[in-house]
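**Student:** File follows, model30.txt with compact mmCIF, C-alpha atoms:
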# COMPACT_ATOMS: atom_id res chain seq x y z
CA MET D 1461 0.00 0.00 0.00
CA LEU D 1462 2.83 2.37 0.84
CA PHE D 1463 4.36 1.84 -2.60
CA VAL D 1464 1.06 2.42 -4.42
CA VAL D 1465 0.15 5.60 -2.54
CA VAL D 1466 3.63 7.12 -2.81
CA LEU D 1467 3.80 6.21 -6.51
CA LEU D 1468 0.49 7.95 -7.11
CA MET D 1469 1.69 11.02 -5.23
CA ASN D 1470 4.84 11.10 -7.34
CA VAL D 1471 2.88 10.82 -10.60
CA ILE D 1472 0.63 13.71 -9.59
CA ALA D 1473 3.62 15.81 -8.51
CA TYR D 1474 5.38 15.04 -11.80
CA TYR D 1475 2.58 16.61 -13.83
CA ILE D 1476 2.30 19.56 -11.48
CA PHE D 1477 5.92 20.49 -10.86
CA ILE D 1478 7.94 19.29 -13.83
CA GLN D 1479 7.35 21.90 -16.48
CA ARG D 1480 5.17 20.91 -19.41
CA ASN D 1481 7.54 22.36 -22.01
CA TYR D 1482 10.38 20.29 -20.53
CA ARG D 1483 8.31 17.10 -20.87
CA LYS D 1484 7.56 17.93 -24.50
CA GLU D 1485 11.20 18.64 -25.16
CA GLN D 1486 12.23 15.34 -23.64
CA SER D 1487 9.67 13.33 -25.58
CA SER D 1488 10.35 15.00 -28.95
CA SER D 1489 14.06 15.68 -29.16
CA GLY D 1490 15.49 14.51 -25.84
CA ALA D 1491 18.89 12.93 -25.45
CA SER D 1492 20.27 10.26 -27.70
CA ASN D 1493 20.16 6.63 -26.66
CA ARG D 1494 23.87 6.82 -26.01
CA ASP D 1495 23.41 9.82 -23.73
CA LYS D 1496 20.59 8.08 -21.90
CA PHE D 1497 22.72 4.99 -21.45
CA THR D 1498 25.57 7.11 -20.09
CA PHE D 1499 23.18 8.87 -17.73
CA VAL D 1500 21.77 5.62 -16.38
CA ARG D 1501 25.24 4.15 -16.03
CA GLU D 1502 26.31 7.19 -14.02
CA VAL D 1503 23.27 7.12 -11.76
CA LEU D 1504 23.05 3.39 -11.02
CA PRO D 1505 26.17 3.19 -8.79
CA TYR D 1506 24.68 5.86 -6.53
CA VAL D 1507 21.31 4.17 -6.40
CA GLY D 1508 23.07 0.91 -5.59
CA PHE D 1509 25.19 2.56 -2.91
CA VAL D 1510 22.17 4.10 -1.16
CA SER D 1511 20.35 0.76 -1.44
CA LEU D 1512 23.24 -1.09 0.20
CA ILE D 1513 23.34 1.41 3.06
CA TYR D 1514 19.58 1.06 3.51
CA LEU D 1515 19.82 -2.73 3.57
CA LEU D 1516 22.54 -2.44 6.20
CA VAL D 1517 20.19 -0.35 8.35
CA LYS D 1518 17.42 -2.90 7.77
CA SER D 1519 19.72 -5.59 9.17
CA GLN D 1520 19.73 -3.92 12.58
CA GLY D 1521 17.78 -6.71 14.27
CA ILE D 1522 20.23 -9.36 13.08
CA ILE D 1523 23.23 -7.33 14.22
CA VAL D 1524 21.74 -6.60 17.64
CA ASN D 1525 20.91 -10.28 18.17
CA LYS D 1526 24.54 -11.16 17.41
CA LEU D 1527 25.94 -8.46 19.71
CA VAL D 1528 23.83 -9.37 22.76
CA LYS D 1529 25.26 -12.88 22.63
CA VAL D 1530 28.80 -11.55 23.09
CA PRO D 1531 29.92 -12.17 26.72
CA GLY D 1532 30.05 -8.95 28.74
CA PHE D 1533 28.38 -6.88 26.03
CA SER D 1534 25.20 -5.00 26.94
CA LEU D 1535 22.89 -2.53 25.21
CA GLU D 1536 20.76 -1.82 28.29
CA TYR D 1537 21.73 1.83 28.76
CA ASP D 1538 18.24 3.31 29.30
CA LEU D 1539 19.38 6.49 27.56
CA ALA D 1540 15.81 7.74 27.35
CA ARG D 1541 15.98 8.30 31.12
CA TYR D 1542 19.01 10.56 30.74
CA ILE D 1543 17.38 12.48 27.90
CA PHE D 1544 14.36 12.96 30.16
CA LEU D 1545 16.64 14.46 32.81
CA ILE D 1546 17.91 16.94 30.21
CA GLU D 1547 14.69 18.07 28.52
CA GLY D 1548 11.98 16.90 30.89
CA ASN D 1549 8.44 16.44 29.65
CA SER D 1550 8.69 19.20 27.03
CA VAL D 1551 7.39 17.22 24.05
CA SER D 1552 4.15 16.40 25.87
CA ILE D 1553 2.92 19.88 24.87
CA PHE D 1554 2.36 18.51 21.34
CA GLN D 1555 -0.33 16.20 22.73
CA ALA D 1556 -2.06 18.89 24.74
CA PHE D 1557 -4.81 18.52 22.16
CA THR D 1558 -5.43 15.29 20.29
CA SER D 1559 -8.21 14.16 17.99
CA PRO D 1560 -8.77 11.13 15.74
CA VAL D 1561 -8.77 13.34 12.62
CA LEU D 1562 -5.48 15.02 13.54
CA THR D 1563 -3.97 11.65 14.40
CA TYR D 1564 -4.92 10.14 11.03
CA ILE D 1565 -3.65 13.20 9.13
CA SER D 1566 -0.40 13.22 11.10
CA SER D 1567 0.09 9.49 10.53
CA PHE D 1568 -0.45 9.95 6.78
CA ILE D 1569 2.14 12.74 6.71
CA TYR D 1570 4.60 10.76 8.84
CA ILE D 1571 4.41 7.65 6.64
CA PHE D 1572 3.36 8.73 3.15
CA GLY D 1573 4.34 12.40 3.11
CA PHE D 1574 7.83 11.58 4.32
CA ALA D 1575 8.35 8.85 1.70
CA PHE D 1576 6.95 11.12 -1.02
CA LEU D 1577 9.27 14.01 -0.15
CA LEU D 1578 12.37 11.80 -0.31
CA THR D 1579 11.45 9.96 -3.51
CA PHE D 1580 10.15 12.93 -5.47
CA THR D 1581 13.27 14.96 -4.66
CA PHE D 1582 15.30 12.14 -6.19
CA LEU D 1583 12.95 11.78 -9.19
CA PHE D 1584 12.88 15.50 -9.81
CA PHE D 1585 16.64 15.70 -10.24
CA LEU D 1586 16.61 12.47 -12.25
CA LEU D 1587 13.87 13.54 -14.67
CA THR D 1588 15.30 17.04 -15.13
CA ASN D 1589 18.76 15.61 -15.91
CA GLN D 1590 20.48 17.29 -12.97
CA LEU D 1591 23.01 14.51 -12.63
CA LYS D 1592 25.48 16.32 -10.39
CA THR D 1593 22.77 17.34 -7.93
CA LEU D 1594 21.33 13.84 -7.99
CA LYS D 1595 24.70 12.42 -7.00
CA GLU D 1596 25.08 14.98 -4.23
CA TYR D 1597 21.64 14.07 -2.88
CA ALA D 1598 22.44 10.34 -2.93
CA ILE D 1599 25.74 10.92 -1.13
CA ALA D 1600 24.08 13.11 1.51
CA ILE D 1601 21.39 10.48 2.19
CA SER D 1602 24.11 7.84 2.57
CA VAL D 1603 25.98 10.04 5.05
CA ILE D 1604 22.85 10.37 7.19
CA TYR D 1605 22.32 6.60 7.32
CA ILE D 1606 26.01 5.87 7.96
CA VAL D 1607 26.21 8.35 10.83
CA ALA D 1608 22.88 7.37 12.41
CA PHE D 1609 23.27 3.60 12.19
CA PRO D 1610 25.92 3.15 14.95
CA PHE D 1611 23.75 5.18 17.32
CA TYR D 1612 20.79 2.89 16.65
CA ILE D 1613 22.91 -0.18 17.33
CA LEU D 1614 24.96 0.98 20.31
CA THR D 1615 22.87 3.71 21.96
CA PRO D 1616 19.18 2.82 21.51
CA VAL D 1617 16.60 5.33 22.76
CA LYS D 1618 12.96 4.30 23.18
CA VAL D 1619 10.20 6.37 21.58
CA THR D 1620 8.53 8.91 23.85
CA GLY D 1621 5.13 7.22 23.60
CA TYR D 1622 6.48 4.18 25.48
CA THR D 1623 8.70 5.97 28.00
CA LEU D 1624 7.52 9.52 28.68
CA PRO D 1625 4.70 10.19 31.16
CA GLY D 1626 1.80 12.01 29.56
CA VAL D 1627 2.71 10.99 26.00
CA THR D 1628 0.72 8.33 24.13
CA PRO D 1629 2.12 6.29 21.19
CA LEU D 1630 -0.66 7.48 18.89
CA LEU D 1631 0.89 6.11 15.70
CA TYR D 1632 1.45 2.63 17.11
CA ASN D 1633 -2.06 2.49 18.55
CA LEU D 1634 -3.72 3.05 15.19
CA SER D 1635 -3.39 -0.40 13.67
CA PRO D 1636 -1.39 -3.64 14.06
CA LEU D 1637 -0.63 -3.33 10.34
CA ILE D 1638 1.18 -0.05 10.95
CA VAL D 1639 3.05 -1.46 13.94
CA ASN D 1640 4.21 -4.52 12.01
CA GLY D 1641 5.27 -2.39 9.06
CA LEU D 1642 7.28 0.00 11.22
CA ARG D 1643 8.99 -2.88 13.00
CA THR D 1644 10.67 -3.81 9.72
CA VAL D 1645 12.76 -0.63 9.98
CA ASP D 1646 12.75 -0.19 13.76
CA PRO D 1647 12.37 -3.61 15.43
CA LEU D 1648 12.34 -2.40 19.04
CA PHE D 1649 11.06 1.16 18.48
CA ASP D 1650 14.31 2.58 19.82
CA ASN D 1651 15.78 4.19 16.69
CA CYS D 1652 15.22 7.67 18.04
CA PHE D 1653 18.59 9.40 18.26
CA PRO D 1654 19.16 11.04 15.84
CA SER D 1655 15.77 11.42 14.15
CA LEU D 1656 15.89 10.12 10.59
CA HIS D 1657 12.54 11.73 9.82
CA ALA D 1658 13.97 15.09 10.81
CA ALA D 1659 17.35 14.60 9.14
CA LEU D 1660 16.14 13.18 5.81
CA SER D 1661 13.16 15.51 5.37
CA ILE D 1662 15.23 18.60 6.18
CA LEU D 1663 17.92 17.36 3.81
CA ALA D 1664 15.40 16.99 0.97
CA MET D 1665 14.07 20.47 1.74
CA LEU D 1666 17.56 21.95 1.59
CA PHE D 1667 18.19 20.41 -1.82
CA ILE D 1668 14.87 21.64 -3.17
CA ILE D 1669 15.40 25.14 -1.81
CA PHE D 1670 18.99 25.57 -2.97
CA ARG D 1671 19.05 23.33 -6.06
CA THR D 1672 15.74 24.16 -7.77
CA ASP D 1673 14.13 27.34 -9.06
CA LEU D 1674 10.46 26.29 -8.78
CA ARG D 1675 8.83 28.41 -6.10
CA SER D 1676 5.76 26.19 -5.81
CA LEU D 1677 7.92 23.12 -5.22
CA LYS D 1678 9.90 24.97 -2.57
CA VAL D 1679 6.69 25.95 -0.79
CA LEU D 1680 5.49 22.33 -0.85
CA ALA D 1681 8.84 21.07 0.46
CA VAL D 1682 8.91 23.55 3.32
CA PHE D 1683 5.29 22.88 4.28
CA THR D 1684 5.74 19.10 4.15
CA THR D 1685 8.98 19.22 6.12
CA LEU D 1686 7.48 21.40 8.85
CA ALA D 1687 4.45 19.09 9.02
CA ILE D 1688 6.75 16.07 9.40
CA GLN D 1689 8.54 17.74 12.31
CA PHE D 1690 5.20 18.25 14.04
CA THR D 1691 4.19 14.62 13.56
CA ILE D 1692 7.33 13.17 15.14
CA PHE D 1693 6.35 14.84 18.41
CA TYR D 1694 2.56 14.66 18.18
CA LEU D 1695 2.51 10.93 17.39
CA GLY D 1696 4.67 10.12 20.43
CA ILE D 1697 7.88 9.13 18.67
CA HIS D 1698 10.79 11.53 19.12
CA TRP D 1699 12.44 13.63 21.80
CA MET D 1700 13.60 17.22 21.29
CA THR D 1701 17.16 15.94 21.54
CA ASP D 1702 16.52 13.59 18.60
CA PHE D 1703 15.12 16.50 16.59
CA VAL D 1704 18.10 18.78 17.23
CA ALA D 1705 20.52 15.98 16.35
CA GLY D 1706 18.52 15.35 13.15
CA ILE D 1707 18.81 19.00 12.13
CA LEU D 1708 22.57 19.02 12.69
CA LEU D 1709 22.93 15.76 10.77
CA ALA D 1710 20.91 17.14 7.85
CA PHE D 1711 23.15 20.20 7.51
CA LEU D 1712 26.29 18.12 7.96
CA SER D 1713 25.26 15.65 5.25
CA TYR D 1714 24.21 18.47 2.91
CA PHE D 1715 27.62 20.08 3.38
CA ILE D 1716 29.49 16.82 2.76
CA GLY D 1717 27.35 15.88 -0.23
CA THR D 1718 27.72 19.24 -1.97
CA LYS D 1719 31.27 20.10 -0.88
CA TYR D 1720 32.97 16.74 -1.36
CA HIS D 1721 30.84 15.29 -4.14
CA SER D 1722 33.73 15.14 -6.64
CA LEU D 1723 36.09 13.40 -4.21
CA ILE D 1724 33.48 10.81 -3.18
CA ALA D 1725 32.39 10.33 -6.79
CA ASN D 1726 35.96 9.53 -7.83
CA LYS D 1727 36.31 7.00 -5.01
CA LEU D 1728 33.01 5.39 -5.93
CA ARG D 1729 33.96 5.30 -9.61
CA LEU D 1730 37.28 3.63 -8.80
CA PHE D 1731 35.49 1.07 -6.63
CA THR D 1732 32.93 0.37 -9.36
CA ASN D 1733 35.61 -0.04 -12.02
CA THR D 1734 37.54 -2.40 -9.75
CA GLN D 1735 34.45 -4.54 -9.17
CA ASN D 1736 33.77 -4.72 -12.91
CA LYS D 1737 37.24 -5.96 -13.77
Go ahead and express the file in the form of structure tokens.
**Tutor:**
Amino acid sequence: MLFVVVLLMNVIAYYIFIQRNYRKEQSSSGASNRDKFTFVREVLPYVGFVSLIYLLVKSQGIIVNKLVKVPGFSLEYDLARYIFLIEGNSVSIFQAFTSPVLTYISSFIYIFGFAFLLTFTFLFFLLTNQLKTLKEYAIAISVIYIVAFPFYILTPVKVTGYTLPGVTPLLYNLSPLIVNGLRTVDPLFDNCFPSLHAALSILAMLFIIFRTDLRSLKVLAVFTTLAIQFTIFYLGIHWMTDFVAGILLAFLSYFIGTKYHSLIANKLRLFTNTQNK
């Protein structure tokens, strides 16, 4: 269902935000088959690299199960308690008012809006032939996952809905289907610090703001990103500390992706060529 809804959102956004004259130009003249082949060949290593990083993150449960069997090794740090000592019950203000309608809307934004923002940002640069920016975006996403993953393995932090007094896990109470789906990416609901929803959505927003010239798309990106930040607190998922860390990680990854793109691209190209030999 996630795939179908996000695909539909991307198709609608394509016809709204990718200029009509550009689509006509691509369909009539466009690039040669050779150019298209070169473009795909250039893009695929980055898609593969991001996919590998994502699969690594998805293997969290397997890695944790291996680590807890190591004698003397423990992951029982209860870091949520220390975060609570730092920021208190501050995020509970987001649930000062709750309603079924707001909960359903927030859940849709958290799940579908987030996935749409990330995928359409990628597709926009792909379909408008902005190859350099596409590579920068892929590198920046990879940096976020690489930096966040060790924290999820070694310093787990439980979601606020299951640990913070006065905060209800609204998202997880909606449906067993949602809970089971979310467990595939967060088996124990302790992938809080840093917030990937904050980091990745803010990263996508930064690329749309600074790498596109479509005002309407920028407005949508800003609105969606701000809405996502609200949902991570309202739905009983993240702490303020997670949010701040996510912001810092987004800016760090944007800087690395745009500043060191050429250096990383050369390393990746050398690795790809070595694997092909």
**Student:** How far is it from atom CA of D:His1657 to atom CA of D:Gln1689, in Å with one decimal?
**Tutor:**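 Interatomic distance, atom CA of D:His1657 to atom CA of D:Gln1689: 7.6 Å.
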**Student:** Could you list, as JSON, numbers by chain, every residue within 9 Å of stretch 1633-1637 of chain D, counting only C-alpha atoms and ignoring same-chain residues fewer than 4 positions away?
**Tutor:** {"D": [1563, 1564, 1567, 1628, 1629, 1641, 1642]}
**Student:** Just to be explicit: take each residue in the selection above, keep C-alpha atoms, and write the result as a PDB file, keeping the file's coordinate frame.
**Tutor:**
ATOM      1  CA  THR D1563      -3.970  11.650  14.400  1.00  0.00           C
ATOM      2  CA  TYR D1564      -4.920  10.140  11.030  1.00  0.00           C
ATOM      3  CA  SER D1567       0.090   9.490  10.530  1.00  0.00           C
ATOM      4  CA  THR D1628       0.720   8.330  24.130  1.00  0.00           C
ATOM      5  CA  PRO D1629       2.120   6.290  21.190  1.00  0.00           C
ATOM      6  CA  GLY D1641       5.270  -2.390   9.060  1.00  0.00           C
ATOM      7  CA  LEU D1642       7.280   0.000  11.220  1.00  0.00           C
TER       8      LEU D1642
END
**Student:** Could you produce a table of the residues of stretch 1603-1627 of chain D lying within 12 Å of stretch 1545-1559 of chain D, with the nearest pair of atoms per residue and their separation in Å rounded to one decimal, using only C-alpha atoms, ordered by chain and increasing residue number, as CSV?
**Tutor:**
residue,atom,partner,partner_atom,distance
D:Val1619,CA,D:Val1551,CA,11.5
D:Thr1620,CA,D:Val1551,CA,8.4
D:Gly1621,CA,D:Ser1552,CA,9.5
D:Thr1623,CA,D:Asn1549,CA,10.6
D:Leu1624,CA,D:Asn1549,CA,7.0
D:Pro1625,CA,D:Asn1549,CA,7.4
D:Gly1626,CA,D:Ser1552,CA,6.2
D:Val1627,CA,D:Ser1552,CA,5.6
**Student:** Taking into account only C-alpha atoms, which residue in the set D:Leu1562, D:Val1510, D:Ile1571, D:Leu1527 is nearest to D:Val1465?
**Tutor:**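 For D:Val1465, the nearest of the candidates is D:Ile1571.
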**Student:** What's around stretch 1701-1713 of chain D at 9 Å? Count only C-alpha atoms, leave out sequence neighbours fewer than 3 positions away in its own chain, and write the answer as a ChimeraX atom specification.
**Tutor:** /D:1543,1546-1547,1599-1604,1607-1608,1652-1664,1666,1689,1692,1698,1716-1718
**Student:** Have a look at atom CA of D:Val1471 and atom CA of D:Gly1573 and let me know their distance in Å, one decimal.
**Tutor:**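 So the answer is 13.9 Å.
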**Student:** Using atom CA of D:Ala1687 and atom CA of D:Thr1644 as the two end points, give the distance in Å to one decimal.
**Tutor:**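 Interatomic distance, atom CA of D:Ala1687 to atom CA of D:Thr1644: 23.7 Å.
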**Student:** Which residue out of D:Leu1578, D:Ile1697, D:Leu1648, D:Leu1686 has the minimum interatomic distance to D:Ile1668 when only C-alpha atoms are used?
**Tutor:**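 Closest to D:Ile1668 of all the choices is D:Leu1578.
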**Student:** Ranking D:Leu1587, D:Ala1598, D:Leu1577, D:Leu1462 by minimum distance to D:Ser1511 and counting all atoms listed in the file, which one comes first?
**Tutor:** D:Ala1598
**Student:** Which is closer to D:Met1461 than all the others in D:Ile1638, D:Val1524, D:Ile1478, D:Val1561, using all atoms listed in the file?
**Tutor:** D:Ile1638
**Student:** Ranking D:Phe1690, D:Phe1574, D:Phe1568, D:Tyr1714 by minimum distance to D:Tyr1597 and counting only C-alpha atoms, which one comes first?
**Tutor:**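 Smallest separation from D:Tyr1597 among the options: D:Tyr1714.
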**Student:** Residues within 10 Å of D:Ile1606, please, as a list in words. Count only C-alpha atoms; anything in the same chain fewer than 6 positions from it doesn't count.
**Tutor:** Ile1513, Tyr1514, Leu1516, Val1517 and Ala1600 of chain D
**Student:** Can you write out the residues you just picked, keeping C-alpha atoms, as a short mmCIF file (atom, residue, chain, number, x, y, z; two decimals), in the frame of the given file?
**Tutor:**
data_model
loop_
_atom_site.label_atom_id
_atom_site.label_comp_id
_atom_site.auth_asym_id
_atom_site.auth_seq_id
_atom_site.Cartn_x
_atom_site.Cartn_y
_atom_site.Cartn_z
CA ILE D 1513 23.34 1.41 3.06
CA TYR D 1514 19.58 1.06 3.51
CA LEU D 1516 22.54 -2.44 6.20
CA VAL D 1517 20.19 -0.35 8.35
CA ALA D 1600 24.08 13.11 1.51
#
**Student:** Excluding D:Ala1540 and its own-chain neighbours fewer than 3 positions away, which residues fall within 7 Å of it when counting all atoms listed in the file? Please give them as a list in words.
**Tutor:**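 Everything that qualifies: Ile1543, Phe1544, Val1617 and Lys1618 of chain D.
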**Student:** From the options D:Phe1670, D:Tyr1506, D:Tyr1570, D:Phe1477, which residue's atoms come nearest to D:Thr1684, counting all atoms listed in the file?
**Tutor:**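 Result for the nearest residue to D:Thr1684: D:Tyr1570.
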**Student:** Write out as a list in words the residues lying within 12 Å of D:Val1464, counting all atoms listed in the file and excluding same-chain residues fewer than 4 positions away.
**Tutor:**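 With the cut-off at 12 Å, the set is Leu1468, Met1469, Asn1470, Val1471, Phe1572, Ala1575 and Phe1576 of chain D.
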